[in-house]
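Engineer: Sharing start01.cif here; it has mmCIF, C-alpha atoms (C1' of nucleotides).
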```cif
data_my_file
loop_
_atom_site.group_PDB
_atom_site.id
_atom_site.type_symbol
_atom_site.label_atom_id
_atom_site.label_comp_id
_atom_site.auth_asym_id
_atom_site.auth_seq_id
_atom_site.Cartn_x
_atom_site.Cartn_y
_atom_site.Cartn_z
ATOM 1 C CA MET Q 1 117.154 -20.585 97.603
ATOM 2 C CA LEU Q 2 117.195 -22.269 94.198
ATOM 3 C CA GLN Q 3 119.119 -25.064 95.854
ATOM 4 C CA GLU Q 4 116.373 -25.650 98.387
ATOM 5 C CA ILE Q 5 113.755 -25.829 95.649
ATOM 6 C CA LEU Q 6 115.634 -27.731 92.960
ATOM 7 C CA ASP Q 7 117.892 -29.959 95.032
ATOM 8 C CA GLY Q 8 115.944 -30.310 98.253
ATOM 9 C CA GLY Q 9 114.311 -33.636 97.525
ATOM 10 C CA GLN Q 10 111.344 -32.580 95.400
ATOM 11 C CA ALA Q 11 113.011 -33.095 92.038
ATOM 12 C CA PHE Q 12 115.973 -35.199 90.991
ATOM 13 C CA ARG Q 13 116.986 -33.866 87.603
ATOM 14 C CA TRP Q 14 118.608 -30.542 88.455
ATOM 15 C CA SER Q 15 122.321 -29.999 88.876
ATOM 16 C CA ARG Q 16 124.353 -26.979 89.760
ATOM 17 C CA GLU Q 17 126.958 -25.773 87.302
ATOM 18 C CA ALA Q 18 130.288 -24.231 88.191
ATOM 19 C CA SER Q 19 128.817 -20.810 87.385
ATOM 20 C CA GLY Q 20 126.189 -21.278 90.062
ATOM 21 C CA SER Q 21 123.387 -21.688 87.534
ATOM 22 C CA TRP Q 22 121.087 -24.687 87.674
ATOM 23 C CA LEU Q 23 120.502 -26.944 84.717
ATOM 24 C CA GLY Q 24 117.533 -29.246 84.677
ATOM 25 C CA VAL Q 25 115.181 -31.380 82.629
ATOM 26 C CA PHE Q 26 111.480 -31.857 83.262
ATOM 27 C CA GLY Q 27 109.084 -33.336 80.746
ATOM 28 C CA SER Q 28 110.685 -32.473 77.407
ATOM 29 C CA ASN Q 29 112.089 -29.175 78.658
ATOM 30 C CA VAL Q 30 115.767 -28.389 79.120
ATOM 31 C CA VAL Q 31 116.262 -25.237 81.166
ATOM 32 C CA ARG Q 32 119.011 -23.234 82.808
ATOM 33 C CA LEU Q 33 118.075 -21.055 85.763
ATOM 34 C CA THR Q 34 120.230 -18.277 87.128
ATOM 35 C CA LEU Q 35 119.742 -15.932 90.020
ATOM 36 C CA ASN Q 36 121.309 -12.625 88.992
ATOM 37 C CA SER Q 37 122.978 -10.151 91.330
ATOM 38 C CA ASN Q 38 119.677 -8.391 91.989
ATOM 39 C CA GLY Q 39 118.142 -11.659 93.121
ATOM 40 C CA ALA Q 40 115.962 -11.856 90.019
ATOM 41 C CA LEU Q 41 115.443 -15.183 88.324
ATOM 42 C CA GLN Q 42 116.637 -15.559 84.736
ATOM 43 C CA TRP Q 43 116.135 -18.517 82.484
ATOM 44 C CA SER Q 44 117.525 -19.726 79.203
ATOM 45 C CA ALA Q 45 116.954 -22.709 77.000
ATOM 46 C CA PRO Q 46 117.945 -24.092 73.619
ATOM 47 C CA SER Q 47 116.136 -21.956 71.062
ATOM 48 C CA ALA Q 48 113.931 -24.737 69.754
ATOM 49 C CA HIS Q 49 112.670 -25.197 73.290
ATOM 50 C CA ALA Q 50 112.288 -21.568 74.170
ATOM 51 C CA ALA Q 51 108.856 -20.872 72.715
ATOM 52 C CA ASP Q 52 106.187 -20.810 75.408
ATOM 53 C CA LEU Q 53 108.703 -21.960 77.947
ATOM 54 C CA GLU Q 54 108.137 -18.949 80.146
ATOM 55 C CA THR Q 55 104.524 -19.940 80.772
ATOM 56 C CA THR Q 56 105.605 -23.508 81.431
ATOM 57 C CA LEU Q 57 108.274 -22.351 83.868
ATOM 58 C CA ILE Q 58 105.957 -20.067 85.794
ATOM 59 C CA HIS Q 59 103.704 -23.032 86.322
ATOM 60 C CA TYR Q 60 106.483 -25.485 87.138
ATOM 61 C CA LEU Q 61 108.162 -23.168 89.620
ATOM 62 C CA ALA Q 62 104.840 -22.058 91.118
ATOM 63 C CA LEU Q 63 105.708 -18.431 90.475
ATOM 64 C CA ASP Q 64 102.106 -17.345 89.978
ATOM 65 C CA GLY Q 65 100.767 -15.162 92.761
ATOM 66 C CA GLU Q 66 98.687 -17.673 94.657
ATOM 67 C CA PHE Q 67 101.614 -19.034 96.601
ATOM 68 C CA THR Q 68 102.181 -16.029 98.855
ATOM 69 C CA ARG Q 69 98.553 -16.078 99.905
ATOM 70 C CA GLN Q 70 98.757 -19.783 100.684
ATOM 71 C CA ILE Q 71 101.818 -19.290 102.847
ATOM 72 C CA ASP Q 72 100.069 -16.531 104.730
ATOM 73 C CA SER Q 73 97.138 -18.831 105.459
ATOM 74 C CA LEU Q 74 99.347 -21.252 107.386
ATOM 75 C CA PRO Q 75 99.070 -20.989 111.193
ATOM 76 C CA TRP Q 76 102.409 -19.228 111.659
ATOM 77 C CA ARG Q 77 100.864 -16.613 113.923
ATOM 78 C CA SER Q 78 100.246 -19.203 116.614
ATOM 79 C CA ASP Q 79 103.161 -21.541 115.842
ATOM 80 C CA LEU Q 80 106.552 -20.143 116.731
ATOM 81 C CA HIS Q 81 108.514 -22.911 115.056
ATOM 82 C CA LEU Q 82 106.570 -22.704 111.812
ATOM 83 C CA ASN Q 83 107.119 -18.971 111.837
ATOM 84 C CA ARG Q 84 110.833 -19.573 112.180
ATOM 85 C CA CYS Q 85 110.828 -22.014 109.248
ATOM 86 C CA LEU Q 86 108.874 -19.663 106.980
ATOM 87 C CA THR Q 87 111.242 -16.818 107.825
ATOM 88 C CA ALA Q 88 114.299 -18.971 107.206
ATOM 89 C CA PHE Q 89 113.254 -19.871 103.651
ATOM 90 C CA PRO Q 90 111.547 -16.962 101.938
ATOM 91 C CA GLY Q 91 110.850 -17.921 98.353
ATOM 92 C CA LEU Q 92 110.705 -21.666 98.906
ATOM 93 C CA ARG Q 93 108.210 -23.218 96.517
ATOM 94 C CA ILE Q 94 106.578 -26.553 95.904
ATOM 95 C CA LEU Q 95 107.193 -27.530 92.307
ATOM 96 C CA ARG Q 96 104.462 -28.636 89.940
ATOM 97 C CA GLN Q 97 106.179 -31.522 88.238
ATOM 98 C CA PRO Q 98 104.811 -33.978 85.691
ATOM 99 C CA PHE Q 99 102.863 -36.659 87.540
ATOM 100 C CA GLY Q 100 104.381 -39.751 85.950
ATOM 101 C CA GLU Q 101 107.932 -38.503 86.370
ATOM 102 C CA THR Q 102 107.318 -37.750 90.006
ATOM 103 C CA LEU Q 103 106.036 -41.267 90.560
ATOM 104 C CA LEU Q 104 109.171 -42.679 88.954
ATOM 105 C CA GLY Q 105 111.484 -40.502 91.009
ATOM 106 C CA PHE Q 106 109.902 -41.431 94.304
ATOM 107 C CA LEU Q 107 109.781 -45.123 93.452
ATOM 108 C CA CYS Q 108 113.564 -44.773 93.401
ATOM 109 C CA SER Q 109 113.713 -42.955 96.699
ATOM 110 C CA ALA Q 110 113.320 -45.702 99.310
ATOM 111 C CA THR Q 111 116.274 -45.642 101.739
ATOM 112 C CA LYS Q 112 118.290 -43.528 99.343
ATOM 113 C CA GLN Q 113 119.712 -40.065 99.649
ATOM 114 C CA ILE Q 114 119.230 -37.379 97.061
ATOM 115 C CA VAL Q 115 122.604 -37.875 95.349
ATOM 116 C CA GLN Q 116 121.888 -41.541 94.845
ATOM 117 C CA ILE Q 117 118.349 -40.971 93.591
ATOM 118 C CA LYS Q 118 119.687 -38.441 91.113
ATOM 119 C CA GLN Q 119 122.160 -41.008 89.887
ATOM 120 C CA MET Q 120 119.416 -43.563 89.309
ATOM 121 C CA VAL Q 121 117.130 -41.240 87.355
ATOM 122 C CA ALA Q 122 120.082 -39.935 85.353
ATOM 123 C CA LEU Q 123 120.841 -43.481 84.233
ATOM 124 C CA LEU Q 124 117.181 -44.215 83.517
ATOM 125 C CA ALA Q 125 116.973 -41.123 81.338
ATOM 126 C CA ALA Q 126 120.274 -41.671 79.555
ATOM 127 C CA ARG Q 127 119.586 -45.323 78.746
ATOM 128 C CA HIS Q 128 115.832 -45.514 78.365
ATOM 129 C CA GLY Q 129 114.517 -42.001 77.805
ATOM 130 C CA ALA Q 130 114.003 -40.315 74.449
ATOM 131 C CA PRO Q 131 116.811 -37.935 73.450
ATOM 132 C CA LEU Q 132 115.863 -34.277 73.374
ATOM 133 C CA LEU Q 133 117.250 -31.959 70.750
ATOM 134 C CA GLU Q 134 120.980 -31.790 70.281
ATOM 135 C CA ILE Q 135 122.601 -29.065 72.323
ATOM 136 C CA LYS Q 136 124.788 -26.717 70.333
ATOM 137 C CA THR Q 137 125.780 -24.240 72.988
ATOM 138 C CA THR Q 138 129.215 -25.008 74.365
ATOM 139 C CA ALA Q 139 128.166 -24.205 77.877
ATOM 140 C CA LEU Q 140 125.384 -26.738 77.691
ATOM 141 C CA SER Q 141 127.220 -29.419 75.786
ATOM 142 C CA ASP Q 142 129.324 -30.992 78.497
ATOM 143 C CA ARG Q 143 126.505 -31.834 80.826
ATOM 144 C CA GLY Q 144 125.838 -35.400 79.789
ATOM 145 C CA THR Q 145 124.227 -37.713 82.296
ATOM 146 C CA GLY Q 146 125.459 -41.078 81.101
ATOM 147 C CA GLN Q 147 128.095 -42.765 79.066
ATOM 148 C CA SER Q 148 125.897 -43.441 76.053
ATOM 149 C CA SER Q 149 125.144 -39.970 74.649
ATOM 150 C CA PRO Q 150 127.190 -37.417 76.502
ATOM 151 C CA ASP Q 151 126.220 -34.454 74.331
ATOM 152 C CA ARG Q 152 122.501 -34.982 74.484
ATOM 153 C CA PHE Q 153 119.848 -34.565 77.072
ATOM 154 C CA HIS Q 154 117.282 -37.240 77.527
ATOM 155 C CA ARG Q 155 113.862 -37.018 79.037
ATOM 156 C CA LEU Q 156 112.838 -39.638 81.552
ATOM 157 C CA PRO Q 157 111.239 -42.718 80.026
ATOM 158 C CA THR Q 158 107.450 -42.697 80.008
ATOM 159 C CA TRP Q 159 105.634 -45.503 81.791
ATOM 160 C CA SER Q 160 104.785 -47.093 78.441
ATOM 161 C CA GLU Q 161 108.451 -47.066 77.580
ATOM 162 C CA LEU Q 162 109.375 -48.492 80.966
ATOM 163 C CA ALA Q 163 106.935 -51.352 80.463
ATOM 164 C CA LEU Q 164 109.156 -52.567 77.621
ATOM 165 C CA VAL Q 165 112.375 -52.547 79.635
ATOM 166 C CA PRO Q 166 113.420 -55.883 81.166
ATOM 167 C CA GLU Q 167 113.921 -55.846 84.895
ATOM 168 C CA THR Q 168 117.590 -56.783 84.532
ATOM 169 C CA GLU Q 169 118.209 -53.605 82.539
ATOM 170 C CA LEU Q 170 116.514 -51.583 85.241
ATOM 171 C CA ARG Q 171 118.752 -53.220 87.802
ATOM 172 C CA ALA Q 172 121.712 -52.075 85.745
ATOM 173 C CA CYS Q 173 120.589 -48.507 86.470
ATOM 174 C CA LEU Q 174 121.608 -49.033 90.114
ATOM 175 C CA LEU Q 175 118.012 -49.431 91.229
ATOM 176 C CA GLY Q 176 118.574 -52.476 93.413
ATOM 177 C CA PHE Q 177 115.348 -53.929 94.792
ATOM 178 C CA ARG Q 178 113.492 -50.906 93.416
ATOM 179 C CA ALA Q 179 113.909 -52.355 89.921
ATOM 180 C CA ARG Q 180 111.211 -54.919 90.604
ATOM 181 C CA TYR Q 181 108.817 -52.272 91.920
ATOM 182 C CA ILE Q 182 109.323 -50.092 88.861
ATOM 183 C CA HIS Q 183 109.005 -53.044 86.520
ATOM 184 C CA GLN Q 184 105.779 -54.252 88.120
ATOM 185 C CA THR Q 185 104.351 -50.749 88.321
ATOM 186 C CA ALA Q 186 105.085 -50.256 84.634
ATOM 187 C CA GLN Q 187 103.318 -53.538 83.822
ATOM 188 C CA PHE Q 188 100.295 -52.488 85.862
ATOM 189 C CA ILE Q 189 100.048 -49.075 84.252
ATOM 190 C CA ALA Q 190 100.459 -50.587 80.784
ATOM 191 C CA ALA Q 191 97.683 -53.078 81.530
ATOM 192 C CA ASN Q 192 95.370 -50.295 82.735
ATOM 193 C CA PRO Q 193 95.302 -47.516 80.140
ATOM 194 C CA GLY Q 194 94.211 -44.170 81.570
ATOM 195 C CA TRP Q 195 94.791 -45.295 85.145
ATOM 196 C CA LEU Q 196 97.566 -42.807 85.816
ATOM 197 C CA GLN Q 197 95.765 -39.831 84.300
ATOM 198 C CA GLU Q 198 92.579 -40.708 86.180
ATOM 199 C CA THR Q 199 94.496 -41.022 89.419
ATOM 200 C CA GLU Q 200 95.979 -37.574 88.960
ATOM 201 C CA GLN Q 201 92.467 -36.086 88.651
ATOM 202 C CA LEU Q 202 90.924 -37.784 91.679
ATOM 203 C CA PRO Q 203 90.436 -36.075 95.038
ATOM 204 C CA TYR Q 204 93.390 -36.463 97.390
ATOM 205 C CA THR Q 205 92.167 -39.373 99.498
ATOM 206 C CA MET Q 206 91.049 -41.455 96.536
ATOM 207 C CA ALA Q 207 94.184 -40.682 94.554
ATOM 208 C CA LYS Q 208 96.362 -41.733 97.464
ATOM 209 C CA GLU Q 209 94.412 -44.945 97.912
ATOM 210 C CA ARG Q 210 94.967 -45.795 94.268
ATOM 211 C CA LEU Q 211 98.669 -44.971 94.283
ATOM 212 C CA CYS Q 212 99.160 -47.211 97.313
ATOM 213 C CA GLN Q 213 97.957 -50.156 95.220
ATOM 214 C CA LEU Q 214 101.151 -49.942 93.198
ATOM 215 C CA PRO Q 215 104.067 -52.156 94.245
ATOM 216 C CA GLY Q 216 106.687 -50.079 96.018
ATOM 217 C CA VAL Q 217 104.269 -47.258 96.790
ATOM 218 C CA GLY Q 218 103.311 -46.804 100.417
ATOM 219 C CA GLU Q 219 101.854 -43.800 102.188
ATOM 220 C CA LYS Q 220 105.041 -41.758 102.173
ATOM 221 C CA VAL Q 221 105.774 -42.189 98.486
ATOM 222 C CA ALA Q 222 102.124 -41.627 97.554
ATOM 223 C CA ASP Q 223 102.073 -38.369 99.498
ATOM 224 C CA CYS Q 224 105.281 -37.177 97.856
ATOM 225 C CA VAL Q 225 103.916 -37.937 94.395
ATOM 226 C CA LEU Q 226 100.687 -36.066 95.141
ATOM 227 C CA LEU Q 227 102.428 -33.111 96.777
ATOM 228 C CA PHE Q 228 105.231 -32.597 94.259
ATOM 229 C CA GLY Q 229 103.596 -34.059 91.146
ATOM 230 C CA ALA Q 230 99.937 -33.105 91.457
ATOM 231 C CA GLY Q 231 99.854 -29.939 93.542
ATOM 232 C CA ARG Q 232 97.919 -31.585 96.367
ATOM 233 C CA LEU Q 233 99.082 -29.325 99.160
ATOM 234 C CA GLU Q 234 97.127 -31.297 101.754
ATOM 235 C CA ALA Q 235 99.432 -34.296 101.298
ATOM 236 C CA PHE Q 236 101.719 -34.572 104.329
ATOM 237 C CA PRO Q 237 104.570 -37.031 103.679
ATOM 238 C CA VAL Q 238 106.012 -38.457 106.879
ATOM 239 C CA ASP Q 239 109.614 -39.575 106.501
ATOM 240 C CA VAL Q 240 112.413 -39.984 109.024
ATOM 241 C CA TRP Q 241 113.273 -36.275 108.885
ATOM 242 C CA ILE Q 242 109.743 -35.231 109.645
ATOM 243 C CA ILE Q 243 109.466 -37.832 112.399
ATOM 244 C CA LYS Q 244 112.582 -36.339 113.996
ATOM 245 C CA ALA Q 245 111.427 -32.781 113.427
ATOM 246 C CA MET Q 246 107.992 -33.350 114.905
ATOM 247 C CA ALA Q 247 109.458 -35.164 117.885
ATOM 248 C CA LYS Q 248 111.932 -32.414 118.587
ATOM 249 C CA ARG Q 249 109.876 -29.331 117.753
ATOM 250 C CA TYR Q 250 106.384 -30.432 118.723
ATOM 251 C CA GLY Q 251 107.099 -32.904 121.497
ATOM 252 C CA LEU Q 252 105.831 -35.910 119.570
ATOM 253 C CA GLU Q 253 108.440 -38.379 120.828
ATOM 254 C CA GLY Q 254 107.554 -41.954 120.076
ATOM 255 C CA TRP Q 255 104.656 -41.157 117.765
ATOM 256 C CA LYS Q 256 104.082 -43.432 114.804
ATOM 257 C CA PRO Q 257 104.036 -42.098 111.225
ATOM 258 C CA ALA Q 258 100.253 -42.352 110.898
ATOM 259 C CA GLN Q 259 99.773 -40.450 114.150
ATOM 260 C CA ILE Q 260 102.193 -37.756 113.039
ATOM 261 C CA ALA Q 261 100.368 -37.455 109.732
ATOM 262 C CA HIS Q 262 97.106 -36.971 111.591
ATOM 263 C CA PHE Q 263 98.671 -34.366 113.866
ATOM 264 C CA GLY Q 264 100.068 -32.574 110.826
ATOM 265 C CA ARG Q 265 96.750 -32.401 109.039
ATOM 266 C CA THR Q 266 94.853 -31.116 112.070
ATOM 267 C CA HIS Q 267 97.572 -28.741 113.266
ATOM 268 C CA PHE Q 268 98.641 -27.236 109.947
ATOM 269 C CA GLY Q 269 95.309 -27.480 108.159
ATOM 270 C CA ALA Q 270 94.372 -27.864 104.510
ATOM 271 C CA LEU Q 271 97.824 -26.895 103.229
ATOM 272 C CA ALA Q 272 99.735 -29.171 105.601
ATOM 273 C CA GLY Q 273 102.075 -30.319 102.852
ATOM 274 C CA LEU Q 274 103.206 -26.755 102.316
ATOM 275 C CA ALA Q 275 104.109 -26.466 105.985
ATOM 276 C CA GLN Q 276 105.828 -29.828 105.775
ATOM 277 C CA GLN Q 277 108.180 -28.579 103.074
ATOM 278 C CA TYR Q 278 109.313 -25.667 105.250
ATOM 279 C CA LEU Q 279 109.782 -27.908 108.284
ATOM 280 C CA PHE Q 280 111.706 -30.319 106.123
ATOM 281 C CA ALA Q 281 113.983 -27.653 104.657
ATOM 282 C CA TYR Q 282 114.646 -26.255 108.111
ATOM 283 C CA GLU Q 283 115.545 -29.612 109.604
ATOM 284 C CA ARG Q 284 117.757 -30.495 106.681
ATOM 285 C CA LYS Q 285 119.683 -27.261 106.976
ATOM 286 C CA PHE Q 286 119.774 -26.631 110.714
ATOM 287 C CA GLY Q 287 118.701 -29.847 112.393
ATOM 288 C CA ARG Q 288 121.736 -32.010 111.712
ATOM 289 C CA GLN Q 289 124.222 -30.280 113.988
ATOM 290 C CA GLU Q 290 121.747 -29.830 116.822
ATOM 291 C CA ILE Q 291 121.756 -33.531 117.796
ATOM 292 C "C1'" DT A 292 145.500 -45.042 97.675
ATOM 293 C "C1'" DG A 293 142.665 -48.636 98.742
ATOM 294 C "C1'" DA A 294 139.849 -51.413 101.535
ATOM 295 C "C1'" DC A 295 136.068 -51.788 104.764
ATOM 296 C "C1'" DA A 296 132.055 -51.084 107.515
ATOM 297 C "C1'" DG A 297 127.973 -48.679 108.384
ATOM 298 C "C1'" DG A 298 123.902 -46.771 107.075
ATOM 299 C "C1'" DG A 299 120.475 -44.937 103.970
ATOM 300 C "C1'" DG A 300 114.237 -39.401 102.952
ATOM 301 C "C1'" DG A 301 110.617 -46.960 102.511
ATOM 302 C "C1'" DT A 302 107.853 -50.936 101.449
ATOM 303 C "C1'" DG A 303 106.281 -55.628 101.933
ATOM 304 C "C1'" DT A 304 105.884 -59.912 104.654
ATOM 305 C "C1'" DA F 305 110.766 -56.834 113.457
ATOM 306 C "C1'" DC F 306 113.585 -57.799 109.322
ATOM 307 C "C1'" DA F 307 114.792 -58.503 104.575
ATOM 308 C "C1'" DC F 308 115.262 -56.222 100.289
ATOM 309 C "C1'" DC F 309 119.900 -54.226 97.053
ATOM 310 C "C1'" DC F 310 123.994 -51.987 96.730
ATOM 311 C "C1'" DC F 311 126.005 -47.297 96.342
ATOM 312 C "C1'" DC F 312 127.808 -43.455 98.991
ATOM 313 C "C1'" DT F 313 130.447 -41.675 102.723
ATOM 314 C "C1'" DG F 314 133.587 -41.515 106.313
ATOM 315 C "C1'" DT F 315 137.437 -43.700 108.338
ATOM 316 C "C1'" DC F 316 141.417 -46.278 108.977
#
```
Give the structure from the file, written as C-alpha cells.
Structural biologist:
Amino acid sequence: MLQEILDGGQAFRWSREASGSWLGVFGSNVVRLTLNSNGALQWSAPSAHAADLETTLIHYLALDGEFTRQIDSLPWRSDLHLNRCLTAFPGLRILRQPFGETLLGFLCSATKQIVQIKQMVALLAARHGAPLLEIKTTALSDRGTGQSSPDRFHRLPTWSELALVPETELRACLLGFRARYIHQTAQFIAANPGWLQETEQLPYTMAKERLCQLPGVGEKVADCVLLFGAGRLEAFPVDVWIIKAMAKRYGLEGWKPAQIAHFGRTHFGALAGLAQQYLFAYERKFGRQEI
DNA sequence: TGACAGGGGGTGT
DNA sequence: ACACCCCCTGTC
C-alpha cells in the first residue's frame, strides 16, 4: 500500500530500498517509512530532523481521522465500480505535500512516466536544491540522488532559487521542453511576490484559474497541484488513464477531457478527486492487462 | 551487447 | 491536429 501512496504518481521523491522500506524527502524532511509485520507504520529520521516530525508526518500522510469519514461519504453504495476500487486499496491516501514542490513536480510531468519524472526532480534537487544535514547512518548514506553530493540529501529548489537558474542548466536536468516552462514560471513567481501563497489560499475555482496562467500549466496539471499539494479534494485531474478508465467503466467512450471532468464532479460529488485517486490506482494496477 | 524505433500520466499554437 | 524534447523500454 505504501507503494500506491508514495510511488503512484502523487509524489516523486520516494524510493524503495532493498529492505522494503521507503526513503523520501519532502520540504526539508528526510524520512524512512517501514511497514512492520503487523502492518503498522514505523518511521525514522536523522536525529536532528526527528523533533516534531511525527506531527508533520501525520499531516503529510493524511493519517488524521478525517480521511475514513471522507471515503465513506463517496457514492460507493450506488457505484459498483467505485466500491470495487475502494475495496482494492484500503489505506490509500492523498498526500498533503508542499504546494510549491508539487507545482514543480507536475510541471515536469507532461508526457513522462513516473520513473522519468523522478529522475528529473532528483537532478533538480541534487544540482539546485539546498543540501540537508549530512547523513551519518550507514543505511542512509548510500542513497545519493546525483553525482555531485552522493552522501547528502538535497531538498528541491524553491521557486526563488529556480528563478536564478539559467534555462540551459535546467535543460541539463533532462527536462527537455519543460525547462522553458519551469524557467518562465520561476520568473513569473519571482516577479509577483506572494502570488504562490495567495493562490494556495484561494477557493478551488479561483486557484485553478490562477495556476492555469502559468506557462506549462493546463487544467490537468493545475488539478494535480491542487489535489496533491493543497488538499483540494474536489479537484478532478483528467489524464489519459482516467479517460480510459471512464470510457471503460462508465461508458464514456469518445468523451472529451472537459466533459469527463464535469461528469466526475457531478457523479462523485464534492470529493471527486478522492474518488479519482482510487480509480486511477485501480486502472494502473488492473487495467493494463485487460486491454 | 548494442543499436533502433516507438511512445510517453500535457500544453501551446 | 501537431510540434515540443529526449529518455525509457522493449525488441531485434
Engineer: So, counting all atoms listed in the file, which residue among Q:Arg16, Q:Arg178, Q:Ala125, Q:Leu107 is closest to chain F?
Structural biologist: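 Of Q:Arg16, Q:Arg178, Q:Ala125, Q:Leu107, the one nearest chain F, counting all atoms listed in the file, is Q:Arg178.
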Engineer: What does the PyMOL selection byres ((chain F) within 10 of (chain Q)) select in this file, as a PyMOL selection string?
Structural biologist: chain F and resi 308-312
Engineer: On this structure, which residues satisfy the PyMOL selection byres ((chain Q) within 7 of (chain A)), written as number ranges by chain?
Structural biologist: Q: 110-113, 216-218, 239-241
Engineer: Can you tell me which residues surround Gly100 in chain Q at a distance of at most 10 Å, considering all atoms listed in the file, apart from same-chain residues fewer than 4 positions away, and format the answer as a list in words?
Structural biologist: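 What passes the distance filter is Gly27, Leu104, Gly105, Leu156, Pro157, Thr158, Trp159, Leu196, Gln197, Glu200, Val225, Gly229 and Ala230 of chain Q.
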Engineer: Quote the spacing between CA of Leu274 in chain Q and CA of Ile94 in chain Q in Å to one decimal place.
Structural biologist: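 These two atoms are separated by 7.2 Å.
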Engineer: Could you please determine the separation between C1' of DA305 in chain F and CA of Ala245 in chain Q in Å, to one decimal place?
Structural biologist: 24.1 Å
Engineer: To one decimal place, how far is CA of Arg96 in chain Q from CA of Leu214 in chain Q in Å?
Structural biologist: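 About the pair CA of Arg96 in chain Q and CA of Leu214 in chain Q: they are 21.8 Å apart.
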